[in-house]
Amino acid sequence: MEKLIKIGRLFYGIGVVALGIHQLIIKKFRSEILAPFPAWAHDNSIFPILVGIVLILAGIIISGVFTIKFIETKKACLYLGFGFLVSVIASHLPYIIMLSAEKTPDFQVWINAIEALTYSGGAFVMAGSFGENNAATGEKNFTSLLEKLIPCGRVFYSILIIIFGLSHFAFASFIATMVPKWLPAPMFWTYFFGVALVIAGISIIFKILIKPISLLLAFTLLLFFLFFHIPDAVANPSEGGGNEIVRALICLLFCGIALVIAFTNDCKKRVN
């Protein structure tokens, strides 16, 4: 169990590092990290670069590859989750509201906001996999407040999983083209995984058979990573400054969240 939790953290950390590196490469904010609002944040490349550096450092710390004595990993998770949540509330939602005044935001605008919420949820899930903080009293007030958001982590995550599942029905013809050619009946697999994702998301929210379903979800996402995202990244390594590679590692990030949820909900033990 402990090894799988650590693997989950590693997968999540790798995904966060990939987000940071990509921002350093393209020198602008990824659309799910920050919406076009506020405009001033996009006017100077120093802002996405600084955020990229922070993401790289946070991802390395969470992954467990290196241990920094004066930085608590749990606290790093909590503050990363808070940062992504602020981006949703202060950037994505105002942009959607302003856009709605003129025209209905397209599907991708909503997905960007929900994906940022998923990153936030993943960070809170990672935080929940650790024991109690030994932070100083003066620092612990805000940290304790953030700890109350830990149970929200799996809910934030599940929202995106459910939407991904529903998209298999809304965009069935397009998604069927992504099914590997060696698999027969692509429409069947499109609908099958759509149903599976929706059930998984609902089950995680309401803690219904949460361990086996989260494990099955993690395994499914790992298959997506191996048989869809990796071939796509290999075929288009330089597209969008390496965006297909980043998307593959984001899938691994989602896999890591599911893995940690499976072993940290309904269980009192936490791994340090």
# chains A, B, ... in the order shown; residues from 1 in each chain; ligands from 1
call {"tool": "select_by_dssp", "arguments": {"residues": "region 3-199 of chain A", "states": "helix (DSSP H, G or I)", "output": "ChimeraX atom specification"}}
result
/A:3-26,39-42,46-63,73-102,107-127,137-147,152-170,172-176,186-199
call {"tool": "write_last_selection", "arguments": {"atoms": "C-alpha atoms", "output": "compact mmCIF listing (two decimals), in the first residue's frame"}}
result
# COMPACT_ATOMS: atom_id res chain seq x y z
CA LYS A 3 4.61 1.85 -2.26
CA LEU A 4 1.50 2.47 -4.36
CA ILE A 5 0.76 5.72 -2.53
CA LYS A 6 4.32 6.86 -3.21
CA ILE A 7 3.94 5.86 -6.88
CA GLY A 8 0.76 7.94 -7.01
CA ARG A 9 2.59 10.95 -5.59
CA LEU A 10 5.40 10.38 -8.10
CA PHE A 11 2.93 10.35 -11.02
CA TYR A 12 1.24 13.53 -9.77
CA GLY A 13 4.59 15.24 -9.20
CA ILE A 14 5.82 14.33 -12.69
CA GLY A 15 2.69 15.85 -14.20
CA VAL A 16 3.12 19.10 -12.26
CA VAL A 17 6.79 19.31 -13.28
CA ALA A 18 5.73 18.83 -16.92
CA LEU A 19 3.29 21.74 -16.62
CA GLY A 20 6.07 23.95 -15.25
CA ILE A 21 8.64 22.97 -17.87
CA HIS A 22 6.15 23.57 -20.67
CA GLN A 23 5.51 27.11 -19.44
CA LEU A 24 9.26 27.77 -19.48
CA ILE A 25 9.39 26.52 -23.07
CA ILE A 26 6.40 28.43 -24.47
CA ALA A 39 -4.82 40.48 -19.21
CA TRP A 40 -1.87 42.10 -17.43
CA ALA A 41 -0.62 38.69 -16.26
CA HIS A 42 -0.14 37.69 -19.90
CA ILE A 46 8.19 36.78 -16.54
CA PHE A 47 4.89 35.79 -14.88
CA PRO A 48 4.40 32.41 -16.62
CA ILE A 49 8.11 31.71 -16.22
CA LEU A 50 7.99 32.36 -12.46
CA VAL A 51 4.87 30.22 -12.12
CA GLY A 52 6.58 27.53 -14.19
CA ILE A 53 9.55 27.50 -11.82
CA VAL A 54 7.23 27.23 -8.80
CA LEU A 55 5.39 24.32 -10.43
CA ILE A 56 8.66 22.52 -11.16
CA LEU A 57 9.83 22.90 -7.56
CA ALA A 58 6.45 21.86 -6.14
CA GLY A 59 6.27 18.86 -8.45
CA ILE A 60 9.75 17.69 -7.49
CA ILE A 61 8.94 18.00 -3.78
CA ILE A 62 5.62 16.12 -4.09
CA SER A 63 7.12 13.40 -6.27
CA THR A 73 5.76 18.03 1.60
CA LYS A 74 2.23 18.10 2.97
CA LYS A 75 2.36 21.88 3.28
CA ALA A 76 3.69 22.13 -0.29
CA CYS A 77 0.68 20.09 -1.44
CA LEU A 78 -1.75 22.29 0.47
CA TYR A 79 -0.34 25.53 -0.91
CA LEU A 80 -0.22 24.14 -4.45
CA GLY A 81 -3.86 23.10 -4.15
CA PHE A 82 -4.70 26.57 -2.85
CA GLY A 83 -2.83 28.20 -5.73
CA PHE A 84 -4.75 26.25 -8.36
CA LEU A 85 -8.02 26.97 -6.55
CA VAL A 86 -7.25 30.70 -6.58
CA SER A 87 -6.66 30.49 -10.34
CA VAL A 88 -10.12 28.98 -10.77
CA ILE A 89 -11.87 31.57 -8.58
CA ALA A 90 -9.89 34.67 -9.58
CA SER A 91 -9.17 33.92 -13.25
CA HIS A 92 -11.25 31.20 -14.88
CA LEU A 93 -14.64 32.00 -13.35
CA PRO A 94 -14.45 35.79 -13.98
CA TYR A 95 -13.38 35.07 -17.57
CA ILE A 96 -16.32 32.69 -18.08
CA ILE A 97 -18.73 35.23 -16.56
CA MET A 98 -17.38 38.08 -18.71
CA LEU A 99 -17.50 35.87 -21.81
CA SER A 100 -21.08 34.85 -20.99
CA ALA A 101 -22.13 38.49 -21.14
CA GLU A 102 -21.22 38.54 -24.83
CA PHE A 107 -16.71 23.72 -24.15
CA GLN A 108 -12.92 24.08 -23.95
CA VAL A 109 -13.15 27.19 -21.77
CA TRP A 110 -15.13 25.21 -19.21
CA ILE A 111 -12.74 22.25 -19.47
CA ASN A 112 -9.76 24.55 -18.79
CA ALA A 113 -11.41 25.77 -15.57
CA ILE A 114 -12.38 22.27 -14.46
CA GLU A 115 -8.92 20.93 -15.26
CA ALA A 116 -7.38 23.62 -13.03
CA LEU A 117 -9.85 22.56 -10.34
CA THR A 118 -8.68 18.97 -10.86
CA TYR A 119 -5.04 19.94 -10.33
CA SER A 120 -6.16 21.65 -7.12
CA GLY A 121 -8.09 18.58 -6.03
CA GLY A 122 -5.13 16.36 -6.80
CA ALA A 123 -2.86 18.47 -4.59
CA PHE A 124 -5.34 18.22 -1.72
CA VAL A 125 -5.59 14.45 -2.25
CA MET A 126 -1.79 14.24 -2.04
CA ALA A 127 -1.86 16.33 1.16
CA THR A 137 1.56 27.52 15.89
CA GLY A 138 1.86 30.83 14.07
CA GLU A 139 2.00 29.12 10.70
CA LYS A 140 -0.49 26.39 11.45
CA ASN A 141 -3.60 28.61 11.46
CA PHE A 142 -3.74 29.02 7.69
CA THR A 143 -2.42 25.51 7.12
CA SER A 144 -5.19 24.10 9.30
CA LEU A 145 -7.72 26.04 7.27
CA LEU A 146 -6.36 24.55 4.06
CA GLU A 147 -6.46 21.08 5.59
CA CYS A 152 -12.90 18.33 -1.34
CA GLY A 153 -9.93 17.00 -3.30
CA ARG A 154 -11.59 13.81 -4.50
CA VAL A 155 -14.75 15.78 -5.42
CA PHE A 156 -12.81 18.32 -7.49
CA TYR A 157 -11.07 15.42 -9.24
CA SER A 158 -14.25 13.45 -9.86
CA ILE A 159 -16.00 16.35 -11.60
CA LEU A 160 -13.52 16.15 -14.47
CA ILE A 161 -13.68 12.35 -14.61
CA ILE A 162 -17.48 12.52 -14.96
CA ILE A 163 -17.23 15.18 -17.67
CA PHE A 164 -14.65 13.09 -19.54
CA GLY A 165 -17.09 10.20 -19.36
CA LEU A 166 -20.01 12.28 -20.65
CA SER A 167 -17.83 13.60 -23.49
CA HIS A 168 -17.62 10.02 -24.78
CA PHE A 169 -21.32 10.34 -25.59
CA ALA A 170 -21.41 13.99 -26.68
CA ALA A 172 -18.66 9.81 -29.67
CA SER A 173 -17.75 9.91 -33.37
CA PHE A 174 -14.62 11.97 -32.74
CA ILE A 175 -13.46 9.99 -29.70
CA ALA A 176 -13.99 6.71 -31.59
CA PRO A 186 -14.35 1.45 -31.61
CA MET A 187 -17.83 2.81 -30.84
CA PHE A 188 -18.37 0.06 -28.27
CA TRP A 189 -15.16 0.99 -26.45
CA THR A 190 -16.02 4.68 -26.66
CA TYR A 191 -19.34 4.13 -24.89
CA PHE A 192 -17.92 1.49 -22.55
CA PHE A 193 -15.22 3.80 -21.18
CA GLY A 194 -17.69 6.69 -21.10
CA VAL A 195 -19.97 4.74 -18.78
CA ALA A 196 -16.99 3.51 -16.74
CA LEU A 197 -15.65 7.03 -16.19
CA VAL A 198 -19.04 8.42 -15.12
CA ILE A 199 -19.57 5.54 -12.67
call {"tool": "closest_residue", "arguments": {"among": "A:Ile257, A:Val179, A:Val65, A:Leu252", "to": "Ser214 (chain A)", "atoms": "only C-alpha atoms"}}
result
A:Ile257
call {"tool": "atom_distance", "arguments": {"atom1": "CA of Cys255 (chain A)", "atom2": "CA of Leu222 (chain A)"}}
result
6.2 Å
call {"tool": "residues_around", "arguments": {"residues": "Pro237 (chain A)", "least_positions_apart": "6", "cutoff": "12 Å", "atoms": "only C-alpha atoms", "output": "ChimeraX atom specification"}}
result
/A:229-231,243-248
call {"tool": "write_last_selection", "arguments": {"atoms": "N, CA, C and O atoms", "output": "PDB file, in the first residue's frame"}}
result
ATOM      1  N   HIS A 229      -1.877   8.113 -25.299  1.00  0.00           N
ATOM      2  CA  HIS A 229      -1.082   9.334 -25.151  1.00  0.00           C
ATOM      3  C   HIS A 229       0.377   9.152 -25.565  1.00  0.00           C
ATOM      4  O   HIS A 229       0.943  10.034 -26.217  1.00  0.00           O
ATOM      5  N   ILE A 230       0.983   8.051 -25.175  1.00  0.00           N
ATOM      6  CA  ILE A 230       2.387   7.837 -25.548  1.00  0.00           C
ATOM      7  C   ILE A 230       2.559   7.760 -27.070  1.00  0.00           C
ATOM      8  O   ILE A 230       3.431   8.461 -27.632  1.00  0.00           O
ATOM      9  N   PRO A 231       1.769   6.945 -27.793  1.00  0.00           N
ATOM     10  CA  PRO A 231       1.907   6.937 -29.258  1.00  0.00           C
ATOM     11  C   PRO A 231       1.674   8.308 -29.878  1.00  0.00           C
ATOM     12  O   PRO A 231       2.368   8.690 -30.832  1.00  0.00           O
ATOM     13  N   ASN A 243       3.379  19.992 -26.424  1.00  0.00           N
ATOM     14  CA  ASN A 243       2.118  19.883 -25.684  1.00  0.00           C
ATOM     15  C   ASN A 243       1.605  18.448 -25.594  1.00  0.00           C
ATOM     16  O   ASN A 243       1.020  18.052 -24.582  1.00  0.00           O
ATOM     17  N   GLU A 244       1.819  17.657 -26.656  1.00  0.00           N
ATOM     18  CA  GLU A 244       1.326  16.271 -26.626  1.00  0.00           C
ATOM     19  C   GLU A 244       2.066  15.445 -25.575  1.00  0.00           C
ATOM     20  O   GLU A 244       1.486  14.547 -24.957  1.00  0.00           O
ATOM     21  N   ILE A 245       3.330  15.756 -25.372  1.00  0.00           N
ATOM     22  CA  ILE A 245       4.099  15.080 -24.316  1.00  0.00           C
ATOM     23  C   ILE A 245       3.539  15.475 -22.953  1.00  0.00           C
ATOM     24  O   ILE A 245       3.362  14.632 -22.072  1.00  0.00           O
ATOM     25  N   VAL A 246       3.239  16.750 -22.792  1.00  0.00           N
ATOM     26  CA  VAL A 246       2.675  17.238 -21.532  1.00  0.00           C
ATOM     27  C   VAL A 246       1.317  16.598 -21.277  1.00  0.00           C
ATOM     28  O   VAL A 246       1.019  16.169 -20.156  1.00  0.00           O
ATOM     29  N   ARG A 247       0.476  16.492 -22.324  1.00  0.00           N
ATOM     30  CA  ARG A 247      -0.837  15.884 -22.159  1.00  0.00           C
ATOM     31  C   ARG A 247      -0.707  14.430 -21.710  1.00  0.00           C
ATOM     32  O   ARG A 247      -1.511  13.936 -20.912  1.00  0.00           O
ATOM     33  N   ALA A 248       0.300  13.746 -22.219  1.00  0.00           N
ATOM     34  CA  ALA A 248       0.532  12.362 -21.797  1.00  0.00           C
ATOM     35  C   ALA A 248       0.864  12.311 -20.307  1.00  0.00           C
ATOM     36  O   ALA A 248       0.338  11.465 -19.567  1.00  0.00           O
TER      37      ALA A 248
END
